[in-house]
file target-v2.txt (compact mmCIF, C-alpha atoms (C1' of nucleotides))
# COMPACT_ATOMS: atom_id res chain seq x y z
CA MET A 1 -55.17 -6.55 22.49
CA THR A 2 -57.48 -7.76 19.74
CA ASN A 3 -60.10 -5.64 18.03
CA ASP A 4 -62.80 -7.70 19.73
CA VAL A 5 -62.30 -5.55 22.80
CA GLY A 6 -63.39 -2.49 20.85
CA HIS A 7 -66.53 -4.25 19.69
CA ASP A 8 -67.27 -5.60 23.15
CA ILE A 9 -67.08 -2.16 24.68
CA ALA A 10 -69.04 -0.71 21.80
CA ASN A 11 -71.86 -3.14 22.44
CA ALA A 12 -71.94 -2.45 26.15
CA LEU A 13 -71.80 1.26 25.49
CA GLY A 14 -74.78 0.88 23.20
CA ILE A 15 -76.83 -0.34 26.12
CA LEU A 16 -75.57 2.32 28.48
CA LEU A 17 -76.24 5.15 26.04
CA ARG A 18 -79.70 3.91 25.18
CA ARG A 19 -82.15 6.78 25.16
CA THR A 20 -84.16 5.21 27.94
CA ALA A 21 -81.26 4.28 30.22
CA ARG A 22 -80.58 7.83 31.32
CA ALA A 23 -84.23 8.83 31.58
CA LYS A 24 -85.19 5.71 33.47
CA LEU A 25 -82.38 5.92 36.01
CA HIS A 26 -82.88 9.60 36.74
CA LYS A 27 -86.61 9.18 36.97
CA GLU A 28 -86.28 6.38 39.48
CA LEU A 29 -83.69 8.22 41.52
CA THR A 30 -85.77 11.36 41.80
CA GLN A 31 -89.03 9.59 42.56
CA GLY A 32 -90.77 11.03 45.58
CA MET A 33 -88.14 13.74 46.09
CA GLY A 34 -90.65 16.58 45.89
CA GLU A 35 -91.97 18.77 43.16
CA GLY A 36 -88.77 20.48 42.04
CA VAL A 37 -86.63 17.39 41.64
CA ASP A 38 -86.99 15.31 38.51
CA GLU A 39 -84.89 13.90 35.71
CA LEU A 40 -84.50 17.39 34.23
CA THR A 41 -83.44 19.35 37.30
CA TYR A 42 -81.31 16.54 38.72
CA PRO A 43 -78.27 17.33 36.54
CA VAL A 44 -78.40 20.98 37.64
CA LEU A 45 -78.46 20.03 41.31
CA SER A 46 -75.71 17.51 40.78
CA ALA A 47 -73.45 19.96 38.96
CA LEU A 48 -73.95 22.65 41.58
CA ALA A 49 -73.08 20.21 44.34
CA ARG A 50 -69.97 19.09 42.49
CA THR A 51 -68.57 22.52 41.69
CA GLY A 52 -70.18 24.98 44.09
CA PRO A 53 -72.06 28.18 43.18
CA ARG A 54 -71.92 28.99 39.47
CA SER A 55 -73.62 31.25 36.99
CA ALA A 56 -76.04 29.86 34.47
CA ALA A 57 -73.72 30.51 31.54
CA ASP A 58 -70.89 28.86 33.40
CA LEU A 59 -72.97 25.85 34.29
CA ALA A 60 -74.42 25.34 30.83
CA PRO A 61 -71.72 23.14 29.25
CA ASP A 62 -71.65 20.92 32.34
CA VAL A 63 -75.36 20.29 32.13
CA GLY A 64 -75.38 19.97 28.36
CA LEU A 65 -77.67 22.91 27.70
CA ASP A 66 -77.30 26.54 26.77
CA ARG A 67 -77.80 29.25 29.38
CA SER A 68 -81.49 29.69 28.61
CA GLY A 69 -82.06 26.05 29.39
CA VAL A 70 -80.18 26.32 32.66
CA THR A 71 -82.21 29.39 33.58
CA ARG A 72 -85.44 27.55 32.94
CA ARG A 73 -84.51 24.57 35.09
CA ALA A 74 -82.96 26.72 37.81
CA SER A 75 -86.18 28.70 38.06
CA ARG A 76 -88.08 25.53 38.81
CA LEU A 77 -85.56 24.63 41.49
CA GLU A 78 -85.83 28.13 42.92
CA VAL A 79 -89.60 27.89 43.17
CA ALA A 80 -89.19 24.57 44.97
CA GLY A 81 -86.76 26.18 47.42
CA LEU A 82 -83.73 24.09 46.46
CA VAL A 83 -81.74 26.82 44.77
CA ARG A 84 -81.45 30.56 45.33
CA ARG A 85 -80.04 33.27 43.13
CA GLU A 86 -77.37 35.58 44.47
CA PRO A 87 -75.80 38.53 42.71
CA ASP A 88 -72.26 37.71 41.64
CA PRO A 89 -69.99 40.13 43.54
CA ALA A 90 -67.38 39.86 40.79
CA ASP A 91 -69.71 40.64 37.89
CA ARG A 92 -72.91 42.55 38.29
CA ARG A 93 -74.38 41.11 35.12
CA ALA A 94 -74.29 37.62 36.51
CA HIS A 95 -76.18 35.77 39.22
CA LEU A 96 -74.79 32.81 41.07
CA LEU A 97 -76.96 29.76 41.48
CA VAL A 98 -76.53 28.47 45.03
CA LEU A 99 -77.91 25.37 46.69
CA THR A 100 -80.11 26.14 49.69
CA GLU A 101 -79.91 24.01 52.79
CA GLN A 102 -82.87 22.08 51.46
CA GLY A 103 -81.05 21.73 48.16
CA GLU A 104 -77.97 20.31 49.85
CA LEU A 105 -80.09 17.78 51.66
CA ALA A 106 -81.77 16.74 48.42
CA VAL A 107 -78.45 16.26 46.67
CA ALA A 108 -77.07 14.21 49.57
CA GLU A 109 -80.11 11.94 49.38
CA LEU A 110 -79.82 11.56 45.62
CA ARG A 111 -76.13 10.74 45.77
CA THR A 112 -76.76 8.16 48.45
CA ARG A 113 -79.54 6.57 46.45
CA LEU A 114 -77.38 6.29 43.35
CA ALA A 115 -74.30 5.02 45.15
CA ASP A 116 -76.42 2.44 46.99
CA ARG A 117 -77.94 1.16 43.78
CA ILE A 118 -74.55 0.85 42.20
CA MET A 119 -73.04 -0.87 45.21
CA ALA A 120 -75.94 -3.30 45.34
CA SER A 121 -75.26 -4.40 41.78
CA LEU A 122 -71.57 -4.89 42.59
CA SER A 123 -72.05 -6.82 45.79
CA SER A 124 -71.48 -10.19 44.17
CA TRP A 125 -68.32 -9.19 42.34
CA PRO A 126 -65.03 -10.79 43.31
CA PRO A 127 -62.93 -8.75 45.76
CA GLY A 128 -61.03 -5.92 44.13
CA GLU A 129 -62.81 -6.05 40.79
CA ALA A 130 -65.27 -3.30 41.59
CA GLU A 131 -62.41 -1.01 42.52
CA ALA A 132 -60.63 -1.83 39.29
CA PHE A 133 -63.79 -1.20 37.32
CA ALA A 134 -64.30 2.18 39.00
CA ARG A 135 -60.76 3.16 38.13
CA HIS A 136 -61.10 2.02 34.54
CA LEU A 137 -64.46 3.67 34.07
CA ARG A 138 -63.16 6.99 35.32
CA ARG A 139 -60.22 6.81 32.98
CA PHE A 140 -62.47 5.84 30.10
CA THR A 141 -64.76 8.81 30.63
CA VAL A 142 -61.75 11.12 30.56
CA GLU A 143 -59.89 9.59 27.62
CA GLY A 144 -62.74 7.87 25.84
CA PRO A 145 -64.60 8.71 22.65
CA PHE A 146 -66.46 11.65 24.16
CA ALA A 147 -64.03 14.50 24.67
CA MET B 148 -65.12 -2.59 49.32
CA THR B 149 -65.77 0.90 50.66
CA ASN B 150 -68.69 3.07 49.66
CA ASP B 151 -66.31 5.37 47.83
CA VAL B 152 -66.44 2.95 44.92
CA GLY B 153 -70.14 3.62 44.55
CA HIS B 154 -69.56 7.35 44.46
CA ASP B 155 -66.65 7.03 42.05
CA ILE B 156 -68.74 5.04 39.62
CA ALA B 157 -71.67 7.39 40.13
CA ASN B 158 -69.53 10.35 39.15
CA ALA B 159 -68.14 8.65 36.08
CA LEU B 160 -71.61 7.53 35.12
CA GLY B 161 -72.78 11.11 35.41
CA ILE B 162 -70.40 12.09 32.65
CA LEU B 163 -71.27 9.12 30.48
CA LEU B 164 -75.02 9.71 30.78
CA ARG B 165 -74.75 13.41 30.10
CA ARG B 166 -77.38 14.50 27.67
CA THR B 167 -74.81 15.57 25.15
CA ALA B 168 -72.54 12.52 25.39
CA ARG B 169 -74.89 10.27 23.46
CA ALA B 170 -75.93 12.89 20.92
CA LYS B 171 -72.38 14.02 20.29
CA LEU B 172 -70.95 10.53 19.80
CA HIS B 173 -73.72 9.37 17.48
CA LYS B 174 -73.58 12.57 15.51
CA GLU B 175 -69.86 12.26 14.96
CA LEU B 176 -70.10 8.59 14.06
CA THR B 177 -72.79 9.14 11.46
CA GLN B 178 -71.19 12.20 9.91
CA GLY B 179 -70.98 11.93 6.15
CA MET B 180 -72.75 8.56 6.06
CA GLY B 181 -75.47 9.78 3.71
CA GLU B 182 -78.90 11.20 4.17
CA GLY B 183 -80.62 8.37 5.97
CA VAL B 184 -78.03 7.80 8.67
CA ASP B 185 -77.98 10.11 11.66
CA GLU B 186 -78.08 9.95 15.44
CA LEU B 187 -81.76 9.00 15.30
CA THR B 188 -81.67 6.19 12.78
CA TYR B 189 -78.36 4.81 14.00
CA PRO B 190 -79.90 2.83 16.89
CA VAL B 191 -82.39 1.22 14.53
CA LEU B 192 -79.66 0.11 12.15
CA SER B 193 -77.56 -1.10 15.03
CA ALA B 194 -80.36 -3.12 16.59
CA LEU B 195 -81.29 -4.73 13.27
CA ALA B 196 -77.67 -5.71 12.69
CA ARG B 197 -77.43 -7.21 16.15
CA THR B 198 -80.60 -9.25 16.10
CA GLY B 199 -81.56 -9.74 12.46
CA PRO B 200 -84.92 -8.91 10.82
CA ARG B 201 -87.54 -7.81 13.34
CA SER B 202 -90.92 -6.18 13.36
CA ALA B 203 -91.32 -2.60 14.52
CA ALA B 204 -93.20 -3.59 17.66
CA ASP B 205 -90.55 -6.15 18.43
CA LEU B 206 -87.74 -3.69 17.91
CA ALA B 207 -89.31 -0.88 19.91
CA PRO B 208 -88.04 -1.71 23.40
CA ASP B 209 -84.52 -2.27 22.06
CA VAL B 210 -84.45 1.17 20.51
CA GLY B 211 -86.20 2.81 23.43
CA LEU B 212 -89.26 3.96 21.52
CA ASP B 213 -92.76 2.76 20.91
CA ARG B 214 -93.72 1.17 17.61
CA SER B 215 -94.83 4.45 16.03
CA GLY B 216 -91.39 5.88 16.64
CA VAL B 217 -89.72 2.87 15.09
CA THR B 218 -92.01 3.13 12.08
CA ARG B 219 -91.08 6.76 11.60
CA ARG B 220 -87.36 6.12 11.70
CA ALA B 221 -87.58 2.97 9.64
CA SER B 222 -89.42 4.88 6.94
CA ARG B 223 -86.54 7.29 6.67
CA LEU B 224 -84.12 4.40 6.36
CA GLU B 225 -86.33 2.81 3.74
CA VAL B 226 -86.34 5.98 1.64
CA ALA B 227 -82.56 6.06 1.90
CA GLY B 228 -82.37 2.47 0.71
CA LEU B 229 -80.84 1.04 3.88
CA VAL B 230 -83.86 -0.92 5.06
CA ARG B 231 -86.67 -2.70 3.31
CA ARG B 232 -90.00 -3.96 4.57
CA GLU B 233 -90.97 -7.58 4.04
CA PRO B 234 -94.24 -9.21 4.98
CA ASP B 235 -93.79 -11.48 7.96
CA PRO B 236 -94.58 -15.02 6.75
CA ALA B 237 -95.58 -16.01 10.26
CA ASP B 238 -98.00 -13.15 10.88
CA ARG B 239 -99.71 -11.29 8.10
CA ARG B 240 -100.33 -8.27 10.29
CA ALA B 241 -96.62 -7.68 10.74
CA HIS B 242 -93.82 -6.50 8.51
CA LEU B 243 -90.20 -7.38 9.07
CA LEU B 244 -87.61 -4.64 8.86
CA VAL B 245 -84.62 -5.99 6.97
CA LEU B 246 -81.25 -4.40 6.27
CA THR B 247 -80.52 -4.04 2.55
CA GLU B 248 -77.06 -4.73 1.24
CA GLN B 249 -76.41 -1.02 1.44
CA GLY B 250 -77.69 -1.08 4.99
CA GLU B 251 -75.32 -3.87 5.96
CA LEU B 252 -72.42 -1.92 4.53
CA ALA B 253 -73.42 1.17 6.46
CA VAL B 254 -73.64 -0.75 9.71
CA ALA B 255 -70.27 -2.36 9.14
CA GLU B 256 -68.73 1.05 8.58
CA LEU B 257 -70.38 2.49 11.70
CA ARG B 258 -69.26 -0.41 13.87
CA THR B 259 -65.73 -0.08 12.61
CA ARG B 260 -65.70 3.65 13.27
CA LEU B 261 -66.91 3.19 16.83
CA ALA B 262 -64.61 0.28 17.63
CA ASP B 263 -61.66 2.21 16.22
CA ARG B 264 -62.41 5.25 18.32
CA ILE B 265 -62.69 3.12 21.41
CA MET B 266 -59.50 1.21 20.69
CA ALA B 267 -57.62 4.44 20.05
CA SER B 268 -58.52 5.70 23.50
CA LEU B 269 -57.37 2.42 25.05
CA SER B 270 -54.09 2.17 23.21
CA SER B 271 -52.05 3.50 26.11
CA TRP B 272 -53.60 1.22 28.73
CA PRO B 273 -51.43 -1.40 30.40
CA PRO B 274 -51.69 -4.86 28.85
CA GLY B 275 -54.78 -6.77 29.90
CA GLU B 276 -56.59 -3.85 31.49
CA ALA B 277 -58.71 -3.04 28.47
CA GLU B 278 -59.89 -6.64 28.34
CA ALA B 279 -60.74 -6.54 32.03
CA PHE B 280 -62.60 -3.27 31.56
CA ALA B 281 -64.60 -4.67 28.66
CA ARG B 282 -65.60 -7.66 30.76
CA HIS B 283 -66.56 -5.51 33.73
CA LEU B 284 -68.48 -3.03 31.63
CA ARG B 285 -70.52 -5.79 30.04
CA ARG B 286 -71.36 -7.26 33.40
CA PHE B 287 -72.25 -3.85 34.74
CA THR B 288 -74.68 -3.15 31.91
CA VAL B 289 -76.40 -6.44 32.61
CA GLU B 290 -76.50 -6.29 36.40
CA GLY B 291 -76.23 -2.55 36.93
CA PRO B 292 -78.79 0.03 37.96
CA PHE B 293 -80.64 -0.03 34.64
CA ALA B 294 -82.58 -3.24 34.35
C1' DT C 295 -68.67 45.78 21.21
C1' DA C 296 -69.30 41.60 24.04
C1' DT C 297 -71.63 39.00 27.59
C1' DT C 298 -75.06 38.44 31.43
C1' DG C 299 -79.95 36.56 32.62
C1' DT C 300 -84.29 36.18 30.95
C1' DT C 301 -88.30 35.60 27.93
C1' DA C 302 -90.86 34.52 23.58
C1' DT C 303 -90.78 31.96 19.30
C1' DA C 304 -89.98 28.19 16.18
C1' DC C 305 -88.57 23.64 15.77
C1' DT C 306 -87.74 18.73 16.74
C1' DC C 307 -89.04 14.63 18.49
C1' DT C 308 -92.03 11.85 21.26
C1' DA C 309 -96.18 9.40 23.10
C1' DT C 310 -101.09 9.05 22.57
C1' DA C 311 -104.90 8.13 20.12
C1' DA C 312 -107.06 6.94 16.30
C1' DC C 313 -107.70 3.88 12.04
C1' DT C 314 -107.60 -0.58 9.21
C1' DA C 315 -106.17 -5.33 8.75
C1' DT C 316 -105.25 -9.70 10.70
C1' DA C 317 -104.77 -13.18 14.84
C1' DT D 318 -111.03 -9.07 21.70
C1' DA D 319 -106.22 -8.16 20.99
C1' DT D 320 -102.29 -6.79 18.30
C1' DA D 321 -99.95 -5.46 13.83
C1' DG D 322 -98.45 -0.98 11.12
C1' DT D 323 -99.34 3.53 10.13
C1' DT D 324 -100.75 8.36 10.46
C1' DA D 325 -102.36 12.68 12.74
C1' DT D 326 -102.44 15.26 16.93
C1' DA D 327 -100.86 17.20 21.13
C1' DG D 328 -97.38 17.72 24.34
C1' DA D 329 -92.67 18.39 26.22
C1' DG D 330 -88.26 20.31 25.80
C1' DT D 331 -84.71 22.56 23.19
C1' DA D 332 -82.05 26.15 20.58
C1' DT D 333 -82.47 30.58 18.51
C1' DA D 334 -83.28 35.18 18.69
C1' DA D 335 -84.43 39.01 20.90
C1' DC D 336 -84.26 42.30 25.01
C1' DA D 337 -82.20 45.39 28.82
C1' DA D 338 -78.27 45.72 31.97
C1' DT D 339 -73.45 45.58 32.72
C1' DA D 340 -68.40 44.60 31.24

call {"tool": "encode", "arguments": {"input": "target-v2.txt", "output": "structure tokens"}}
result
Amino acid sequence: MTNDVGHDIANALGILLRRTARAKLHKELTQGMGEGVDELTYPVLSALARTGPRSAADLAPDVGLDRSGVTRRASRLEVAGLVRREPDPADRRAHLLVLTEQGELAVAELRTRLADRIMASLSSWPPGEAEAFARHLRRFTVEGPFA
Amino acid sequence: MTNDVGHDIANALGILLRRTARAKLHKELTQGMGEGVDELTYPVLSALARTGPRSAADLAPDVGLDRSGVTRRASRLEVAGLVRREPDPADRRAHLLVLTEQGELAVAELRTRLADRIMASLSSWPPGEAEAFARHLRRFTVEGPFA
DNA sequence: TATTGTTATACTCTATAACTATA
DNA sequence: TATAGTTATAGAGTATAACAATA
């Protein structure tokens, strides 16, 4: 394994981590999804769908914000009817953020949109390579230079 | 190729594109590199190293900013002695941003740091898989849901 | 005493809009 | 007329610091 591999991945990573890559993708995905859903609230919806009801403080590291930031975005989702706040039965200081039925539908649509876009770009890949890439990418996100 | 692959990659991508992933990596890479080098100026240095001397307007899309943003960051790099401005012989309106010797050294160090971190996380991968991943990742950045 | 959600404040960074010089 | 670099301005979004309520 030569050191070129490190540089190759570094270069590709540079494109992926470009400031605009994230913003652009999320903006396109959330286009026309209604007032509450945009590139800022998308990660909150996504995290809630992945892990189930959570408190703002609990959700914060997943979204990459502190709890005040989560509160702010969750409030916008609440106004739009995609999220509701429930008292946490286990801790009366906390409130759980819960996806409403409308919220679940929105997330399902967003996930489908993203998966479709990804699959479209992989359609011309040789058989088996997309699966291998998915496996490698998952491992890289877990073990890679981010932890 | 089932649709699960799309969802698998979508999930992994979600981690990679996390707001903090980029900031954290660039911050760590630029730590202790001197006053001019941080997570904001890093992409400018990197782009200049990759493509050679460019004007601010030319560089803007690569960095993901408009020309005023590039000017601002380039000025910080100029003060730090990593970049200099040269009149563009082909167009007297433009100035070329050029890496100084010190700038070249900084970029080399940054690239080495990043490649080393990546290679370290791949060291336990089975033979050949890292190379395959590098190839797939490059193709994905070119054909993927970003263009 | 520590932690919850929330709000107000200060700060950072960006795009937009100007300006001058040159194509 | 359009585009270059630059600067000033306004806007968006964040972390920090406070607050009251609960652990």

call {"tool": "axis_aligned_box", "arguments": {"input": "target-v2.txt", "around": "range 182-200 of chain B", "padding_each_side": "6 Å", "output": "JSON"}}
result
{"center_x": -81.2, "center_y": 0.7, "center_z": 10.5, "size_x": 19.5, "size_y": 32.9, "size_z": 24.7}

call {"tool": "residues_around", "arguments": {"input": "target-v2.txt", "residues": "DA317 in chain C", "least_positions_apart": "5", "cutoff": "12 Å", "atoms": "only C-alpha atoms (C1' of nucleotides)", "output": "VMD selection string"}}
result
(chain B and resid 237 to 241) or (chain D and resid 318 to 321)

call {"tool": "closest_residue", "arguments": {"input": "target-v2.txt", "among": "A:Leu77, A:Ala132, A:Ala147, A:Val98", "to": "Ala168 in chain B", "atoms": "all atoms listed in the file"}}
result
A:Ala147

call {"tool": "interface_residues", "arguments": {"input": "target-v2.txt", "of": "chain C", "to": "chain A", "cutoff": "10 Å", "atoms": "only C-alpha atoms (C1' of nucleotides)", "output": "ChimeraX atom specification"}}
result
/C:297-301

call {"tool": "interface_residues", "arguments": {"input": "target-v2.txt", "of": "chain D", "to": "chain B", "cutoff": "12 Å", "atoms": "all atoms listed in the file", "output": "tab-separated table (two decimals) with C-alpha atoms (C1' of nucleotides), in the frame of the given file"}}
result
chain	number	residue	atom	x	y	z
D	320	DT	C1'	-102.29	-6.79	18.30
D	321	DA	C1'	-99.95	-5.46	13.83
D	322	DG	C1'	-98.45	-0.98	11.12
D	323	DT	C1'	-99.34	3.53	10.13
D	324	DT	C1'	-100.75	8.36	10.46
D	325	DA	C1'	-102.36	12.68	12.74
D	331	DT	C1'	-84.71	22.56	23.19

call {"tool": "interface_residues", "arguments": {"input": "target-v2.txt", "of": "chain B", "to": "chain A", "cutoff": "7 Å", "atoms": "only C-alpha atoms", "output": "PyMOL selection string"}}
result
chain B and resi 152-157+159+162-169+172+211+261-266+268+278+280-281+283-285+288+290-293

call {"tool": "atom_distance", "arguments": {"input": "target-v2.txt", "atom1": "CA of Asp213 in chain B", "atom2": "C1' of DT316 in chain C"}}
result
20.4 Å

call {"tool": "atom_distance", "arguments": {"input": "target-v2.txt", "atom1": "C1' of DA329 in chain D", "atom2": "CA of Leu176 in chain B"}}
result
27.4 Å

call {"tool": "atom_distance", "arguments": {"input": "target-v2.txt", "atom1": "C1' of DC307 in chain C", "atom2": "CA of Val254 in chain B"}}
result
23.5 Å
